[in-house]
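Below: upload.txt (compact mmCIF, C-alpha atoms and all ligand atoms)
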# COMPACT_ATOMS: atom_id res chain seq x y z
CA LEU J 1 11.23 -7.53 -0.33
CA GLY J 2 14.38 -6.08 1.13
CA HIS J 3 14.07 -3.90 4.19
CA ALA J 4 10.34 -4.44 4.56
CA SER J 5 10.32 -8.22 4.64
CA VAL J 6 8.84 -10.20 7.52
CA GLU J 7 11.09 -13.14 8.19
CA GLY J 8 8.44 -15.28 9.87
CA VAL J 9 6.36 -15.34 6.74
CA THR J 10 9.27 -14.95 4.37
CA ALA J 11 8.77 -18.32 2.81
CA ALA J 12 5.18 -17.48 2.09
CA ILE J 13 5.82 -14.00 0.80
CA ALA J 14 8.94 -14.77 -1.16
CA GLU J 15 7.04 -17.13 -3.42
CA GLY J 16 5.05 -14.18 -4.69
CA HIS J 17 7.99 -11.85 -4.99
CA VAL J 18 8.86 -10.63 -8.45
CA HIS J 19 12.58 -11.06 -9.06
CA ALA J 20 14.77 -8.16 -10.11
CA ALA J 21 15.75 -7.92 -13.75
CA PRO J 22 18.01 -5.53 -15.65
CA ALA J 23 16.05 -2.58 -17.08
CA ALA J 24 17.06 -3.36 -20.65
CA SER J 25 15.52 -6.83 -20.42
CA LEU J 26 12.12 -5.56 -19.37
CA ASP J 27 9.62 -5.72 -22.19
CA TYR J 28 7.64 -2.52 -21.72
CA PRO J 29 6.33 -0.24 -24.49
CA ARG J 30 8.85 2.50 -25.21
CA LEU J 31 7.62 6.03 -25.88
CA ALA J 32 7.07 5.69 -29.65
CA GLU J 33 5.09 2.49 -29.27
CA TYR J 34 3.07 3.91 -26.40
CA ARG J 35 2.19 7.07 -28.33
CA ALA J 36 1.25 5.03 -31.41
CA SER J 37 -1.42 3.31 -29.33
CA GLY J 38 -2.92 6.59 -28.12
CA GLY J 39 -0.56 7.11 -25.19
CA TYR J 40 -0.19 10.65 -23.85
CA GLY J 41 -3.50 11.53 -25.54
CA LEU J 42 -4.90 12.52 -22.14
CA LEU J 43 -2.02 14.88 -21.51
CA ALA J 44 -2.46 16.49 -24.95
CA ALA J 45 -6.21 16.81 -24.38
CA LEU J 46 -5.69 18.44 -20.98
CA GLU J 47 -3.09 20.83 -22.32
CA GLY J 48 -5.16 21.61 -25.42
CA GLY J 49 -8.31 22.22 -23.37
CA GLU J 50 -10.36 19.43 -25.01
CA VAL J 51 -10.57 17.77 -21.58
CA SER J 52 -11.00 20.05 -18.60
CA ILE J 53 -9.82 19.29 -15.09
CA ASP J 54 -13.47 19.07 -14.06
CA ASP J 55 -14.16 16.53 -16.85
CA LEU J 56 -11.30 14.38 -15.61
CA ALA J 57 -12.35 14.71 -11.98
CA GLN J 58 -15.87 13.69 -12.97
CA MET J 59 -14.58 10.63 -14.83
CA ILE J 60 -12.59 9.37 -11.84
CA GLU J 61 -15.51 10.10 -9.52
CA GLN J 62 -17.82 8.06 -11.75
CA ALA J 63 -15.26 5.27 -11.90
CA GLY J 64 -15.14 5.27 -8.11
CA LEU J 65 -11.35 5.49 -8.14
CA ARG J 66 -10.00 5.55 -4.60
CA GLY J 67 -6.46 5.88 -3.34
CA LEU J 68 -4.86 2.50 -3.94
CA GLY J 69 -1.88 2.92 -1.65
CA GLY J 70 -3.96 1.68 1.27
CA ALA J 71 -6.08 4.53 2.59
CA GLY J 72 -8.83 4.30 -0.02
CA PHE J 73 -9.63 8.01 -0.03
CA PRO J 74 -11.66 9.12 -3.10
CA THR J 75 -9.11 10.53 -5.55
CA PHE J 76 -11.21 13.39 -6.95
CA ARG J 77 -11.83 14.73 -3.44
CA LYS J 78 -8.11 14.75 -2.71
CA TRP J 79 -7.57 16.80 -5.86
CA GLY J 80 -10.31 19.18 -4.71
CA PHE J 81 -8.64 19.78 -1.33
CA VAL J 82 -5.31 20.67 -2.94
CA ARG J 83 -6.86 22.81 -5.65
CA ALA J 84 -8.70 24.81 -2.99
CA GLU J 85 -5.34 26.00 -1.59
CA ALA J 86 -3.39 28.87 -3.13
CA GLY J 87 -0.37 27.91 -5.28
CA PRO J 88 2.39 27.10 -5.83
CA ARG J 89 1.46 23.44 -5.36
CA TYR J 90 3.39 20.20 -5.73
CA CYS J 91 2.42 16.74 -6.87
CA VAL J 92 4.16 13.78 -5.25
CA ILE J 93 3.80 10.15 -6.28
CA ASN J 94 4.32 7.59 -3.57
CA ALA J 95 6.25 4.72 -5.16
CA ASP J 96 7.72 3.58 -1.84
CA GLU J 97 5.87 0.27 -1.94
CA GLY J 98 7.02 -1.17 1.39
CA GLU J 99 4.06 -3.04 2.83
CA PRO J 100 5.22 -6.65 3.24
CA GLY J 101 3.60 -8.81 0.59
CA THR J 102 2.80 -5.89 -1.74
CA PHE J 103 4.30 -5.81 -5.22
CA LYS J 104 1.50 -4.49 -7.45
CA ASP J 105 3.05 -1.05 -8.04
CA ARG J 106 6.26 -2.71 -9.07
CA CYS J 107 4.39 -4.81 -11.62
CA TYR J 108 2.67 -1.78 -13.15
CA LEU J 109 5.89 0.20 -13.27
CA GLU J 110 7.79 -2.67 -14.88
CA ARG J 111 5.10 -3.40 -17.45
CA GLU J 112 3.67 0.03 -18.30
CA PRO J 113 5.85 2.86 -17.02
CA HIS J 114 4.52 5.35 -19.58
CA THR J 115 0.90 4.70 -18.55
CA PHE J 116 1.97 5.47 -15.01
CA LEU J 117 3.86 8.62 -16.06
CA GLU J 118 0.94 9.85 -18.12
CA GLY J 119 -1.36 9.44 -15.11
CA ALA J 120 1.15 11.15 -12.83
CA LEU J 121 1.47 14.09 -15.24
CA ALA J 122 -2.33 14.31 -15.51
CA SER J 123 -2.57 14.48 -11.71
CA ALA J 124 0.08 17.18 -11.62
CA HIS J 125 -1.84 19.06 -14.31
CA ALA J 126 -5.09 18.68 -12.36
CA ILE J 127 -3.71 20.66 -9.44
CA GLU J 128 -1.57 22.95 -11.61
CA ALA J 129 1.56 21.69 -9.88
CA GLU J 130 4.88 23.52 -10.11
CA ALA J 131 6.73 20.21 -10.16
CA LEU J 132 6.18 16.47 -10.00
CA TYR J 133 8.18 14.35 -7.54
CA LEU J 134 8.41 10.57 -7.81
CA TYR J 135 9.54 8.96 -4.55
CA LEU J 136 10.77 5.50 -5.49
CA ARG J 137 11.54 2.66 -3.13
CA ASP J 138 15.29 2.13 -3.12
CA GLU J 139 14.88 -1.64 -3.28
CA TYR J 140 13.62 -1.17 -6.85
CA PRO J 141 16.90 -0.23 -8.57
CA THR J 142 15.75 -1.58 -11.92
CA LEU J 143 12.78 0.74 -11.84
CA ASN J 144 15.00 3.68 -11.09
CA ASP J 145 16.73 2.98 -14.42
CA VAL J 146 13.43 2.44 -16.23
CA LEU J 147 11.91 5.67 -14.97
CA ARG J 148 15.04 7.69 -15.66
CA GLU J 149 14.99 6.37 -19.22
CA CYS J 150 11.30 7.15 -19.68
CA ILE J 151 11.64 10.67 -18.27
CA ALA J 152 14.58 11.33 -20.60
CA GLU J 153 12.44 10.12 -23.54
CA LEU J 154 9.63 12.48 -22.54
CA GLU J 155 11.97 15.44 -22.19
CA ALA J 156 13.68 14.70 -25.49
CA ALA J 157 10.30 14.51 -27.24
CA GLY J 158 9.27 17.85 -25.74
CA LEU J 159 6.30 16.31 -23.94
CA VAL J 160 7.45 17.56 -20.58
CA ALA J 161 9.66 20.49 -19.61
CA SER J 162 13.14 19.52 -18.61
CA GLY J 163 13.41 19.35 -14.82
CA PHE J 164 9.64 19.23 -14.19
CA ILE J 165 9.80 15.60 -13.03
CA HIS J 166 12.11 14.85 -10.11
CA LEU J 167 12.93 11.21 -9.49
CA ARG J 168 14.01 10.58 -5.89
CA ARG J 169 15.10 7.37 -4.18
CA GLY J 170 13.99 6.42 -0.70
CA ALA J 171 16.43 4.84 1.71
CA GLY J 172 14.66 1.67 2.76
CA ALA J 173 12.44 2.86 5.61
CA TYR J 174 8.94 1.39 5.76
CA ILE J 175 7.64 4.52 7.49
CA CYS J 176 8.47 6.63 4.45
CA GLY J 177 5.41 5.12 2.77
CA GLU J 178 3.40 7.32 5.16
CA GLU J 179 2.79 10.50 3.20
CA SER J 180 4.05 13.09 5.68
CA ALA J 181 7.17 11.01 6.49
CA LEU J 182 7.74 10.68 2.74
CA ILE J 183 7.58 14.45 2.41
CA GLU J 184 10.03 14.92 5.27
CA SER J 185 12.36 12.47 3.51
CA LEU J 186 11.96 14.32 0.20
CA GLU J 187 12.98 17.49 2.01
CA GLY J 188 16.17 15.75 3.10
CA LYS J 189 15.18 15.14 6.72
CA PRO J 190 14.70 11.87 8.65
CA GLY J 191 11.44 10.22 7.59
CA LYS J 192 9.21 10.93 10.59
CA PRO J 193 5.46 11.43 10.25
CA ARG J 194 4.12 14.89 10.99
CA GLN J 195 1.38 15.75 13.44
CA ARG J 196 -1.83 16.79 11.68
CA PRO J 197 -3.36 19.30 11.12
CA PRO J 198 -2.13 20.89 8.98
CA PHE J 199 -2.65 18.20 6.35
CA VAL J 200 -0.24 17.82 3.47
CA ALA J 201 -2.95 19.10 1.12
CA GLN J 202 -2.54 22.43 2.94
CA CYS J 203 1.09 22.37 4.02
CA GLY J 204 3.10 19.61 2.40
CA LEU J 205 6.36 19.58 0.46
CA PHE J 206 8.46 22.70 1.27
CA GLY J 207 5.44 24.04 3.15
CA ARG J 208 3.28 24.17 0.04
CA PRO J 209 -0.08 22.48 -0.74
CA THR J 210 0.79 18.99 -1.96
CA LEU J 211 -1.08 16.19 -3.65
CA VAL J 212 0.25 12.74 -2.75
CA ASN J 213 -1.03 9.90 -4.95
CA ASN J 214 -0.09 6.24 -5.14
CA VAL J 215 1.47 4.71 -8.30
CA GLU J 216 -1.51 2.52 -9.10
CA THR J 217 -4.02 5.30 -8.57
CA VAL J 218 -2.46 7.51 -11.22
CA TYR J 219 -1.85 4.53 -13.50
CA TRP J 220 -5.61 3.98 -13.58
CA ILE J 221 -6.33 7.62 -14.38
CA ALA J 222 -4.47 7.28 -17.70
CA ARG J 223 -5.85 3.85 -18.43
CA LEU J 224 -9.47 4.69 -17.62
CA HIS J 225 -9.30 7.72 -19.88
CA ARG J 226 -7.80 5.70 -22.74
CA GLU J 227 -10.07 2.67 -22.48
CA GLY J 228 -13.19 4.27 -21.00
CA HIS J 229 -14.33 3.66 -17.49
CA ALA J 230 -17.49 1.67 -18.27
CA PRO J 231 -15.83 -1.80 -18.24
CA TYR J 232 -14.03 -0.90 -15.01
CA VAL J 233 -17.26 0.21 -13.36
CA ALA J 234 -19.11 -2.88 -14.61
CA ALA J 235 -16.62 -5.19 -12.90
CA GLY J 236 -17.17 -6.23 -9.32
CA ARG J 237 -18.94 -8.87 -7.31
CA GLN J 238 -21.49 -8.87 -4.50
CA GLY J 239 -22.59 -5.32 -5.30
CA ARG J 240 -19.05 -3.92 -5.35
CA GLN J 241 -17.72 -1.86 -8.21
CA GLY J 242 -14.40 -1.92 -10.03
CA LEU J 243 -11.24 -3.97 -10.13
CA ARG J 244 -8.52 -4.46 -7.57
CA SER J 245 -4.91 -5.45 -7.98
CA PHE J 246 -4.18 -8.21 -5.50
CA SER J 247 -0.62 -9.16 -4.60
CA LEU J 248 -1.30 -12.80 -3.78
CA SER J 249 1.42 -14.72 -2.01
CA GLY J 250 2.00 -17.52 0.44
CA ARG J 251 0.73 -21.07 0.37
CA VAL J 252 -0.92 -20.96 -3.05
CA ARG J 253 0.07 -22.77 -6.22
CA CYS J 254 0.49 -19.66 -8.40
CA PRO J 255 1.41 -16.56 -6.41
CA GLY J 256 1.43 -13.32 -8.33
CA MET J 257 -0.27 -10.01 -8.98
CA TYR J 258 -3.84 -10.45 -10.17
CA LEU J 259 -6.40 -7.93 -11.35
CA ALA J 260 -9.67 -9.25 -9.95
CA PRO J 261 -13.18 -7.91 -9.38
CA ALA J 262 -13.74 -5.83 -6.26
CA GLY J 263 -15.73 -7.85 -3.74
CA ILE J 264 -14.00 -11.14 -4.55
CA THR J 265 -13.49 -13.42 -1.55
CA LEU J 266 -10.27 -15.06 -0.42
CA ASN J 267 -11.57 -18.49 -1.40
CA GLU J 268 -12.42 -17.25 -4.90
CA LEU J 269 -9.13 -15.43 -5.28
CA VAL J 270 -7.13 -18.52 -4.32
CA GLU J 271 -9.17 -20.90 -6.46
CA GLU J 272 -9.75 -18.77 -9.57
CA TYR J 273 -6.48 -16.87 -9.71
CA GLY J 274 -3.96 -18.53 -7.43
CA GLY J 275 -4.50 -22.08 -8.75
CA GLY J 276 -5.69 -23.35 -5.37
CA MET J 277 -3.73 -24.04 -2.22
CA ALA J 278 -0.15 -25.30 -2.57
CA GLU J 279 0.26 -29.06 -2.56
CA GLY J 280 -0.15 -30.48 0.93
CA HIS J 281 -1.32 -27.22 2.53
CA ARG J 282 -4.72 -26.50 4.05
CA LEU J 283 -5.89 -22.90 4.54
CA ARG J 284 -5.57 -21.83 8.15
CA ALA J 285 -5.42 -18.04 8.03
CA TYR J 286 -4.74 -15.07 5.81
CA LEU J 287 -3.42 -11.55 6.06
CA PRO J 288 -5.79 -9.49 3.88
CA GLY J 289 -3.65 -6.34 3.87
CA GLY J 290 0.01 -7.18 4.41
CA ALA J 291 1.58 -6.84 7.85
CA SER J 292 -0.73 -4.13 9.11
CA GLY J 293 -4.14 -5.29 7.89
CA GLY J 294 -4.73 -7.90 10.62
CA ILE J 295 -5.31 -11.64 10.30
CA LEU J 296 -8.44 -13.66 9.56
CA PRO J 297 -9.23 -17.37 9.93
CA ALA J 298 -10.18 -19.83 7.18
CA SER J 299 -13.78 -19.65 8.44
CA LYS J 300 -13.86 -16.03 7.20
CA ALA J 301 -12.50 -16.76 3.73
CA ASP J 302 -15.90 -16.06 2.15
CA LEU J 303 -15.93 -12.39 3.10
CA PRO J 304 -15.66 -9.88 0.25
CA LEU J 305 -12.13 -8.49 0.30
CA ASP J 306 -13.05 -4.84 0.45
CA PHE J 307 -12.54 -1.78 2.61
CA ASP J 308 -15.84 -1.75 4.48
CA THR J 309 -16.43 -5.47 5.04
CA LEU J 310 -13.00 -6.13 6.46
CA GLN J 311 -13.15 -3.09 8.71
CA ALA J 312 -16.20 -4.60 10.39
CA HIS J 313 -13.98 -7.60 11.26
CA GLY J 314 -11.17 -5.48 12.70
CA CYS J 315 -9.05 -5.75 9.54
CA PHE J 316 -8.33 -3.65 6.51
CA ILE J 317 -7.37 -4.46 2.99
CA GLY J 318 -4.89 -1.61 2.58
CA SER J 319 -2.90 -2.16 -0.58
CA ALA J 320 -4.49 -5.61 -1.11
CA ALA J 321 -1.44 -7.68 -0.19
CA VAL J 322 -3.02 -11.03 0.55
CA VAL J 323 -0.73 -13.51 2.30
CA VAL J 324 -2.13 -17.04 2.59
CA LEU J 325 -1.05 -19.13 5.59
CA SER J 326 -1.62 -22.83 6.06
CA ASP J 327 -1.82 -25.53 8.72
CA GLN J 328 1.96 -25.76 8.39
CA ASP J 329 2.53 -22.17 9.55
CA ASP J 330 3.09 -21.35 13.21
CA LEU J 331 0.82 -18.38 13.86
CA ALA J 332 2.48 -17.46 17.16
CA ALA J 333 5.76 -17.13 15.27
CA VAL J 334 4.00 -15.03 12.63
CA ALA J 335 2.72 -12.68 15.37
CA ARG J 336 6.20 -12.33 16.88
CA ASN J 337 7.71 -11.70 13.53
CA LEU J 338 5.22 -9.04 12.52
CA MET J 339 5.65 -7.26 15.86
CA SER J 340 9.41 -7.45 15.47
CA PHE J 341 9.02 -5.88 12.04
CA PHE J 342 6.97 -2.98 13.45
CA MET J 343 9.44 -2.50 16.29
CA ASP J 344 12.32 -2.27 13.80
CA GLU J 345 10.43 0.09 11.52
CA SER J 346 9.02 2.42 14.19
CA CYS J 347 10.53 5.86 13.66
CA GLY J 348 10.68 6.20 17.44
CA GLN J 349 9.29 9.71 17.82
CA CYS J 350 6.23 8.75 19.90
CA THR J 351 6.28 6.64 23.05
CA PRO J 352 3.20 4.43 22.50
CA CYS J 353 4.71 3.03 19.32
CA ARG J 354 8.42 3.07 20.21
CA VAL J 355 7.88 1.44 23.62
CA GLY J 356 4.63 -0.35 22.87
CA THR J 357 6.03 -2.45 20.01
CA ARG J 358 8.97 -3.46 22.20
CA GLN J 359 6.75 -4.38 25.14
CA MET J 360 4.31 -6.24 22.91
CA LEU J 361 7.16 -8.28 21.46
CA ALA J 362 8.42 -9.09 24.95
CA ALA J 363 4.90 -10.15 25.95
CA LEU J 364 4.73 -12.47 22.94
CA SER J 365 8.14 -14.01 23.47
CA GLY J 366 7.34 -16.94 25.75
CA ASP J 367 4.72 -19.65 25.85
CA GLU J 368 2.54 -17.64 28.23
CA TRP J 369 0.80 -14.65 26.72
CA ASP J 370 -0.65 -12.16 29.18
CA GLU J 371 -3.90 -11.27 27.47
CA ALA J 372 -4.74 -8.35 29.77
CA LEU J 373 -1.33 -6.81 29.20
CA LEU J 374 -1.53 -7.30 25.43
CA ALA J 375 -5.01 -5.75 25.36
CA ARG J 376 -3.88 -2.74 27.39
CA LEU J 377 -0.76 -2.15 25.32
CA SER J 378 -2.81 -2.47 22.13
CA GLN J 379 -5.33 0.09 23.35
CA VAL J 380 -2.66 2.62 24.25
CA MET J 381 -0.92 2.15 20.91
CA MET J 382 -4.13 2.47 18.92
CA ASP J 383 -5.32 5.51 20.87
CA ALA J 384 -2.12 7.48 21.23
CA SER J 385 0.30 6.69 18.39
CA ILE J 386 0.89 9.54 15.98
CA CYS J 387 0.57 7.53 12.78
CA GLY J 388 -0.81 4.36 11.27
CA LEU J 389 2.25 2.25 12.03
CA GLY J 390 1.76 2.34 15.79
CA GLN J 391 -2.01 2.30 15.46
CA ALA J 392 -2.02 -0.81 13.25
CA ALA J 393 0.85 -2.75 14.83
CA PRO J 394 -1.39 -4.59 17.34
CA ASN J 395 -3.81 -5.77 14.61
CA PRO J 396 -2.31 -9.24 14.01
CA VAL J 397 -2.09 -9.98 17.75
CA LEU J 398 -5.66 -8.83 18.37
CA GLY J 399 -6.82 -10.99 15.45
CA LEU J 400 -5.09 -14.04 16.90
CA LEU J 401 -6.61 -13.47 20.35
CA LYS J 402 -10.04 -13.13 18.79
CA ASP J 403 -10.17 -15.90 16.22
CA PHE J 404 -7.32 -18.32 16.88
CA ARG J 405 -7.45 -19.25 20.56
CA GLU J 406 -7.59 -22.98 19.88
CA THR J 407 -4.81 -22.78 17.30
CA LEU J 408 -2.63 -20.90 19.77
CA ALA J 409 -3.36 -23.47 22.48
CA SER J 410 -2.50 -26.35 20.14
CA SER J 411 0.81 -24.68 19.30
CA GLY J 412 1.67 -24.46 23.02
CA VAL J 413 0.67 -20.86 23.84
CA ARG J 414 -1.11 -20.47 27.20
CA LEU J 415 -3.26 -17.36 27.57
CA ILE J 416 -3.17 -15.82 31.04
CA ALA J 417 -4.37 -12.50 32.53
CA THR J 418 -2.28 -10.96 35.30
CA SER J 419 -3.69 -8.43 37.72
CA HIS J 420 -0.63 -6.18 37.42
CA ALA J 421 -1.09 -5.70 33.68
CA ALA J 422 -2.48 -2.20 34.29
CA ASP J 423 0.90 -1.07 35.64
CA ALA J 424 3.04 -2.77 33.06
CA THR J 425 2.95 0.02 30.50
CA GLY J 426 4.86 2.44 32.72
CA GLY J 427 8.50 3.22 31.93
CA GLU J 428 10.66 1.96 29.08
FE1 LIG V 501 6.90 7.01 14.49
FE2 LIG V 501 5.53 4.88 15.37
FE3 LIG V 501 4.90 7.28 16.24
FE4 LIG V 501 4.40 6.58 13.68
S1 LIG V 501 3.45 5.72 15.49
S2 LIG V 501 5.23 8.52 14.42
S3 LIG V 501 6.19 5.27 13.30
S4 LIG V 501 6.88 6.23 16.58
Is it possible to express this structure as structure tokens?
Amino acid sequence: LGHASVEGVTAAIAEGHVHAAPAASLDYPRLAEYRASGGYGLLAALEGGEVSIDDLAQMIEQAGLRGLGGAGFPTFRKWGFVRAEAGPRYCVINADEGEPGTFKDRCYLEREPHTFLEGALASAHAIEAEALYLYLRDEYPTLNDVLRECIAELEAAGLVASGFIHLRRGAGAYICGEESALIESLEGKPGKPRQRPPFVAQCGLFGRPTLVNNVETVYWIARLHREGHAPYVAAGRQGRQGLRSFSLSGRVRCPGMYLAPAGITLNELVEEYGGGMAEGHRLRAYLPGGASGGILPASKADLPLDFDTLQAHGCFIGSAAVVVLSDQDDLAAVARNLMSFFMDESCGQCTPCRVGTRQMLAALSGDEWDEALLARLSQVMMDASICGLGQAAPNPVLGLLKDFRETLASSGVRLIATSHAADATGGE
């Protein structure tokens, strides 16, 4: 997991990590094979006019496709915002998969890079983009080779104009997964999130209207068109619709990336897909959305793992990186480690996040946790941070204070509330 790993839960996460392999050894369909099975049919249909942009937008609306990078924004609406702005426009694909515990995009790119590229080109077509930029996580060097190879194949076959697709490498910063920081980085500047408005749909890459989509989102555009969206829509449990790609890791027998019905619960995911809990481990807690999605106890393992349900419990599913923790994991250490991660990854441009993460970590460092201070720091960070990193950083700590008080006590943490907590946020 490189730069974005969380050492405290490394053992758990690492079990689900897909190891690097040389590009040549990856068994993905090359261009000829992909085209023989109907691949790039969507692109031809869009260019030939048999499928209009409105037809495609309607299909993804009916399929209920939402942004799968973490925000969950309806994809067709994002297209609409960008298309409403005057050109030239750019399309950017966020392949900077840095959320700890997340490896789904990597799996799709390794297994079906041409499906991804077809979806990315369809998205670019949908907003009549001048160019398509792929921003790839630098810790995925194999994929850099794979994508370069695939783009060269496409150019050689005349399916895409030479130079239309730009493949760019990130430099290992978690914050560059945030779309405006990613755009800054693409422009050659330090990856720092921008204040909004204006939104990137209005003023994005090089000051132009920009569509930013996640790898998996565009992957599904090509696949849904090829296979039809009816089976996708029919999937789902407990009234939910569609499929979700879960990166399941931690204390389970078979960690991995699993495509499972939306609305599945943690218990079902572990039992039906993950082969049950690892030998000798009993479920204690889980992170439903990587480092930033909060933490939930075993007693809430029957909740549907979806956007709305988890939000009502102070958590979010984000990119569906589910990390399973057991009675053998020290949750106080997990909290320290996650906060340390956020402190390291803060870009430092706003005080609530830059100072707040440091003060939160200091407050978590001993056996006495000042609850009033932690609550006040959390509030300031959530209210006043510029971007999601600072806003979400307190989530794991707040989850522990809410649902794990006995567990904390049994691991030697004493919760106290000092009267001077209100003054403790002043100064660095
Ligand atoms: Fe940077 Fe943190 Fe502020 Fe985001 S919240 S802009 S990461 S300092």
Shell around Gln349 of chain J at 9 Å using all atoms listed in the file, local window under 4 positions removed, as a ChimeraX atom specification: /J:192-193,353-354,386
Against ligand LIG 501 (chain V), which residues of chain J fall within 10 Å? For each one I want the closest pair of atoms and the distance in Å (one decimal), counting only C-alpha atoms and all ligand atoms, rows by chain and increasing residue number, as a tab-separated table.
residue	atom	partner	partner_atom	distance
J:Tyr174	CA	V:LIG501	S3	8.9
J:Ile175	CA	V:LIG501	S3	6.0
J:Cys176	CA	V:LIG501	S3	9.2
J:Glu178	CA	V:LIG501	FE4	8.6
J:Ser180	CA	V:LIG501	S2	9.9
J:Ala181	CA	V:LIG501	S2	8.5
J:Gly191	CA	V:LIG501	FE1	8.9
J:Lys192	CA	V:LIG501	FE1	6.0
J:Pro193	CA	V:LIG501	S2	5.1
J:Arg194	CA	V:LIG501	S2	7.3
J:Gln195	CA	V:LIG501	S2	8.2
J:Phe342	CA	V:LIG501	FE2	8.2
J:Met343	CA	V:LIG501	FE2	8.4
J:Asp344	CA	V:LIG501	S3	9.7
J:Glu345	CA	V:LIG501	S3	6.9
J:Ser346	CA	V:LIG501	S3	4.1
J:Cys347	CA	V:LIG501	FE1	3.9
J:Gly348	CA	V:LIG501	S4	3.9
J:Gln349	CA	V:LIG501	S4	4.4
J:Cys350	CA	V:LIG501	FE3	4.2
J:Thr351	CA	V:LIG501	S4	6.5
J:Pro352	CA	V:LIG501	FE3	7.1
J:Cys353	CA	V:LIG501	FE2	4.4
J:Arg354	CA	V:LIG501	S4	5.1
J:Val355	CA	V:LIG501	S4	8.6
J:Gly356	CA	V:LIG501	FE2	9.2
J:Thr357	CA	V:LIG501	FE2	8.7
J:Met381	CA	V:LIG501	S1	7.8
J:Met382	CA	V:LIG501	S1	8.9
J:Ala384	CA	V:LIG501	S1	8.2
J:Ser385	CA	V:LIG501	S1	4.4
J:Ile386	CA	V:LIG501	FE3	4.6
J:Cys387	CA	V:LIG501	FE4	4.0
J:Gly388	CA	V:LIG501	S1	6.1
J:Leu389	CA	V:LIG501	S1	5.0
J:Gly390	CA	V:LIG501	S1	3.8
J:Gln391	CA	V:LIG501	S1	6.4
J:Ala392	CA	V:LIG501	S1	8.8
J:Ala393	CA	V:LIG501	S1	8.9
Test item: residues at most 12 Å from Glu371 of chain J, all atoms listed in the file, excluding those fewer than 6 positions along its chain, as a list in words: Met360, Ala363, Leu364, Leu377, Ser378, Val397, Leu398, Leu400, Leu401, Lys402, Arg405, Val413, Arg414, Leu415, Ile416, Ala417, Thr418, Ser419, His420, Ala421 and Ala422 of chain J
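The interatomic distance for the pair atom CA of Leu205 of chain J and atom CA of Leu186 of chain J works out to 7.7 Å.
Of the listed residues (J:Asn214, J:Asn267, J:Ser319, J:Ser185), J:Ser319 comes nearest to Gly101 of chain J; the distances count all atoms listed in the file.
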Nearby residues (only C-alpha atoms) at most 12 Å from Val323 of chain J, same-chain spacing under 3 positions excluded, as an MDAnalysis selection string: chainID J and resid 6 9:17 99:103 246:252 255:257 266 269:270 274 277 283:296 317 319:320 326 329 334
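Considering the residues J:Arg208, J:Arg35, J:His114, J:Arg244 and counting only C-alpha atoms, Leu68 of chain J has its shortest atom-to-atom contact with J:Arg244.
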For Gly67 of chain J, the nearest of the candidates J:Val200, J:Leu338, J:Leu211, J:Ala372, counting all atoms listed in the file: J:Leu211
Atom CA of Leu154 of chain J to atom CA of Asp138 of chain J, distance in Å rounded to a single decimal: 22.7 Å
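Nearest residue to Ala86 of chain J among J:Gly69, J:Pro209, J:Pro396, J:Gly242 is J:Pro209, counting all atoms listed in the file.
Considering only C-alpha atoms, the residue among J:Cys150, J:Val92, J:Ile60, J:Ala173 positioned nearest to Pro74 of chain J is J:Ile60.
For the pair atom CA of Ile151 of chain J and atom CA of Cys203 of chain J, the separation is 27.3 Å.
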Nearest to Gly119 of chain J by atom-to-atom distance, counting all atoms listed in the file, from J:Glu272, J:Glu216, J:Glu227, J:Glu155: J:Glu216
Residues near Phe81 of chain J, cut-off 10 Å, all atoms listed in the file, skip fewer than 4 positions along chain, as a list of chain:residue names: J:Phe76, J:Arg77, J:Glu85, J:Ile127, J:Phe199, J:Val200, J:Ala201, J:Gln202, J:Pro209, J:Thr210, J:Leu211
Would you mind putting N, CA, C and O atoms back on segment 381-386 of chain J and writing the result as an mmCIF file, keeping the file's coordinate frame?
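Now in out-v8.cif:
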data_model
loop_
_atom_site.group_PDB
_atom_site.id
_atom_site.type_symbol
_atom_site.label_atom_id
_atom_site.label_comp_id
_atom_site.auth_asym_id
_atom_site.auth_seq_id
_atom_site.Cartn_x
_atom_site.Cartn_y
_atom_site.Cartn_z
ATOM 1 N N MET J 381 -1.542 1.914 22.217
ATOM 2 C CA MET J 381 -0.920 2.150 20.910
ATOM 3 C C MET J 381 -1.938 2.657 19.888
ATOM 4 O O MET J 381 -1.653 3.577 19.112
ATOM 5 N N MET J 382 -3.118 2.063 19.900
ATOM 6 C CA MET J 382 -4.130 2.470 18.920
ATOM 7 C C MET J 382 -4.641 3.872 19.207
ATOM 8 O O MET J 382 -4.905 4.655 18.306
ATOM 9 N N ASP J 383 -4.773 4.197 20.501
ATOM 10 C CA ASP J 383 -5.320 5.510 20.870
ATOM 11 C C ASP J 383 -4.308 6.643 20.726
ATOM 12 O O ASP J 383 -4.680 7.766 20.401
ATOM 13 N N ALA J 384 -3.049 6.364 21.015
ATOM 14 C CA ALA J 384 -2.120 7.480 21.230
ATOM 15 C C ALA J 384 -0.946 7.554 20.256
ATOM 16 O O ALA J 384 -0.154 8.489 20.343
ATOM 17 N N SER J 385 -0.815 6.598 19.350
ATOM 18 C CA SER J 385 0.300 6.690 18.390
ATOM 19 C C SER J 385 0.013 7.800 17.380
ATOM 20 O O SER J 385 -1.142 8.025 17.009
ATOM 21 N N ILE J 386 1.066 8.421 16.916
ATOM 22 C CA ILE J 386 0.890 9.540 15.980
ATOM 23 C C ILE J 386 0.386 9.053 14.616
ATOM 24 O O ILE J 386 -0.454 9.672 13.996
#
